[in-house]
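Participant: This is the structure I have questions about; it appears just below.
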Amino acid sequence: PHLLQYTLSQLARSRDPYRAFDDLTTRLARLAPGPGAEQAPDPAPRIMLDEAIPVPVRFPELRKRLNLRGWIARIGGYRHSYLQRLAACQRARLVVVNPAGEFYPREPEPAFYHLIDAHVSHKLGVPTAIVNHTMDIEDATLRAIIPKVYRELDLVGFRDTTSVQAFREMGGDLGNVVVAPDLALASRTAATLPRRPGEVAVAINVPEAAARGYAGRWFDVIRGLQAAGHRVVLVSNEAPSDHAFYEQLKKQLGVSMEGASLDYDRYAALLGAFDLVVTSRMHTAILAMVGGAPVVPVEGASFKITGLFQELRLPVEVIRPPADGWVEAVVAQANTARSRRDTLAADRHGKSAPAGEDAHRLTGQRVGRHG
């Protein structure tokens, strides 16, 4: 929260955004108290699953505009915890920043804060890597900053070659770049569950669909699947974000939702039991393939799902709403996947498993050189 007092708009007003960013990270690095400073208490040994996280607060856009935590940060409300964080970086032999994909057009702010973390740790003299992300940035200020920051890091890991091309087009240097598919591909499923013939899992990236104005068309997708004889079950790897919309779908279309309180391995096993999985959430697509189910992929605001399937060399059309006919394309592809279920599942699982092992090994080797 200490970093919330700094915003992209502040840098955008500068004549030289990178110079302003570099000055900011230099000031932050100078705050570091030394590796012997007080350590933050160990986090509670408890995993907080998505389904256990409270539903987002009311009026999120208003709260974001007011930036109340940013004002608290300005008066030093979070300074102590940030100093503990800097001291932890100073004690580290290696700092790895894993944005898990949070570099996309709709919300550039998360990327901004990841860049601050990476650049500050670099300025502290600690080997620093940023890995496992998609580069889909439209914000002009970030596009001016990223190539220069990344040039100074020890390793930059993208999830697909489309991101590499996007990085090159913004002036990026590829000398320290490695491509490895999303590290979730290295996941392992829990015990296989019994097949559920006739049932289809559907995962919807609700925030992206709502932002682009086609969330309501998902009602048509589910009606189309039901008319084709599929029994639809809603799932999500980001339940708090999708909860309110899913409640509408459940009430109006009589569908159910499953997956509450499941860790990733049991979630993968659940997905693998369905005839197929229709998803606009990338990690649900990955865990479905890990679990052994064919996937009908629907792209969101970025190109990350398209990049994933291209990287895995899977010959399947990634459907891109809100293009004309996208609803019908989802239903048609689902019908085809159901008729060829075992063949498609074996092909996609056979390609995703080795890719996960390669991603884990490659990233581990490159990052581990500094460990």
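FYI, nothing fancy with the structure tokens labels: chains A, B, ... in order, residues from 1 per chain, ligands from 1 as they appear.
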If you count only C-alpha atoms, which residues fall within 8 Å of range 194-210 of chain A, apart from same-chain ones fewer than 2 positions away, as a PDB file with C-alpha atoms, in the first residue's frame?

Facilitator:
```pdb
ATOM      1  CA  THR A 192      -8.785 -38.506 -11.152  1.00  0.00           C
ATOM      2  CA  ARG A 212     -15.986  -4.594 -23.260  1.00  0.00           C
ATOM      3  CA  GLY A 213     -19.785  -4.640 -23.185  1.00  0.00           C
ATOM      4  CA  TYR A 214     -20.599  -8.254 -24.032  1.00  0.00           C
ATOM      5  CA  ALA A 215     -21.179  -9.845 -20.621  1.00  0.00           C
ATOM      6  CA  GLY A 229     -28.062 -30.892 -24.763  1.00  0.00           C
ATOM      7  CA  HIS A 230     -25.190 -29.829 -22.512  1.00  0.00           C
ATOM      8  CA  ARG A 231     -25.716 -29.511 -18.757  1.00  0.00           C
ATOM      9  CA  VAL A 232     -23.822 -26.368 -17.755  1.00  0.00           C
ATOM     10  CA  VAL A 233     -21.872 -25.938 -14.515  1.00  0.00           C
ATOM     11  CA  LEU A 234     -20.180 -22.615 -13.722  1.00  0.00           C
ATOM     12  CA  VAL A 235     -16.569 -22.649 -12.488  1.00  0.00           C
ATOM     13  CA  SER A 236     -13.921 -19.986 -11.911  1.00  0.00           C
ATOM     14  CA  SER A 241     -14.556 -11.244  -9.390  1.00  0.00           C
ATOM     15  CA  ASP A 242     -17.181 -13.411 -11.087  1.00  0.00           C
ATOM     16  CA  PHE A 245     -22.672 -12.208 -12.400  1.00  0.00           C
ATOM     17  CA  LEU A 271     -12.322 -29.763 -14.588  1.00  0.00           C
ATOM     18  CA  GLY A 272     -10.953 -33.008 -15.994  1.00  0.00           C
ATOM     19  CA  ALA A 273     -14.182 -34.829 -15.161  1.00  0.00           C
ATOM     20  CA  PHE A 274     -16.341 -32.701 -17.499  1.00  0.00           C
ATOM     21  CA  ASP A 275     -17.016 -33.500 -21.133  1.00  0.00           C
ATOM     22  CA  LEU A 276     -15.305 -30.200 -21.963  1.00  0.00           C
ATOM     23  CA  VAL A 277     -14.549 -26.769 -20.541  1.00  0.00           C
ATOM     24  CA  VAL A 278     -15.594 -23.478 -22.158  1.00  0.00           C
ATOM     25  CA  THR A 279     -13.463 -20.711 -20.696  1.00  0.00           C
ATOM     26  CA  SER A 280     -12.327 -17.124 -21.115  1.00  0.00           C
ATOM     27  CA  ARG A 281     -10.065 -17.501 -18.075  1.00  0.00           C
ATOM     28  CA  THR A 284      -8.983 -22.472 -16.009  1.00  0.00           C
ATOM     29  CA  GLY A 300     -10.546 -11.773 -23.279  1.00  0.00           C
ATOM     30  CA  ALA A 301      -9.284  -8.212 -23.642  1.00  0.00           C
TER      31      ALA A 301
END
```

Participant: Quick one: pick out all strand (DSSP E) residues within range 93-192 of chain A from a backbone DSSP run and write them as a list of chain:residue names.

Facilitator: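 Filtering range 93-192 of chain A down to strand (DSSP E) leaves A:Val95, A:Val96, A:Val97, A:Thr128, A:Ala129, A:Ile130, A:Val131, A:Asn132, A:His133, A:Leu155, A:Val156, A:Gly157, A:Phe158, A:Val177, A:Val178, A:Val179.
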
Participant: Emit the selected residues as a compact mmCIF listing (two decimals), in the first residue's frame, including N, CA and C atoms.

Facilitator:
```txt
# COMPACT_ATOMS: atom_id res chain seq x y z
N VAL A 95 15.66 -11.73 -6.30
CA VAL A 95 14.27 -11.29 -6.24
C VAL A 95 13.59 -11.65 -7.56
N VAL A 96 12.49 -12.40 -7.48
CA VAL A 96 11.72 -12.79 -8.65
C VAL A 96 10.35 -12.14 -8.57
N VAL A 97 10.03 -11.30 -9.53
CA VAL A 97 8.72 -10.66 -9.62
C VAL A 97 7.87 -11.48 -10.59
N THR A 128 17.70 -9.55 -10.13
CA THR A 128 16.25 -9.42 -10.21
C THR A 128 15.74 -9.98 -11.53
N ALA A 129 14.66 -10.73 -11.44
CA ALA A 129 14.00 -11.28 -12.63
C ALA A 129 12.52 -10.95 -12.58
N ILE A 130 11.93 -10.77 -13.75
CA ILE A 130 10.47 -10.66 -13.87
C ILE A 130 10.03 -11.73 -14.85
N VAL A 131 9.10 -12.58 -14.44
CA VAL A 131 8.80 -13.79 -15.21
C VAL A 131 7.29 -14.00 -15.34
N ASN A 132 6.93 -14.93 -16.26
CA ASN A 132 5.57 -15.48 -16.31
C ASN A 132 4.51 -14.42 -16.59
N HIS A 133 4.74 -13.59 -17.61
CA HIS A 133 3.72 -12.59 -17.90
C HIS A 133 3.54 -12.37 -19.39
N LEU A 155 16.84 -11.14 -15.83
CA LEU A 155 16.05 -12.07 -16.64
C LEU A 155 14.66 -11.50 -16.84
N VAL A 156 14.15 -11.62 -18.07
CA VAL A 156 12.77 -11.26 -18.40
C VAL A 156 12.12 -12.48 -19.03
N GLY A 157 11.06 -12.98 -18.43
CA GLY A 157 10.40 -14.18 -18.95
C GLY A 157 9.00 -13.89 -19.42
N PHE A 158 8.76 -14.06 -20.72
CA PHE A 158 7.42 -13.90 -21.28
C PHE A 158 6.76 -15.26 -21.49
N VAL A 177 15.95 -12.00 -22.55
CA VAL A 177 14.56 -12.48 -22.62
C VAL A 177 14.52 -13.99 -22.84
N VAL A 178 13.61 -14.65 -22.14
CA VAL A 178 13.36 -16.06 -22.34
C VAL A 178 11.84 -16.25 -22.49
N VAL A 179 11.43 -17.21 -23.32
CA VAL A 179 10.02 -17.51 -23.51
C VAL A 179 9.72 -18.87 -22.88
```

Participant: Looking at A:Gln5, A:Gln333, A:Ser163, A:Gln10, which one is nearest to Gly77 in chain A, with distances taken over only C-alpha atoms?

Facilitator: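 Between A:Gln5, A:Gln333, A:Ser163, A:Gln10, the residue approaching Gly77 in chain A most closely is A:Gln5.
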
Participant: From the options A:Ile72, A:Leu153, A:Leu183, A:Ala346, which residue's atoms come nearest to Ala100 in chain A, counting only C-alpha atoms?

Facilitator: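 For Ala100 in chain A, the nearest of the candidates is A:Leu183.
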
Participant: As number ranges by chain, list the residues of range 199-354 of chain A assigned to helix (DSSP H, G or I) by DSSP on the backbone atoms of this structure.

Facilitator: A: 206-211, 217-227, 239-253, 264-272, 282-291, 304-311, 326-339, 341-354
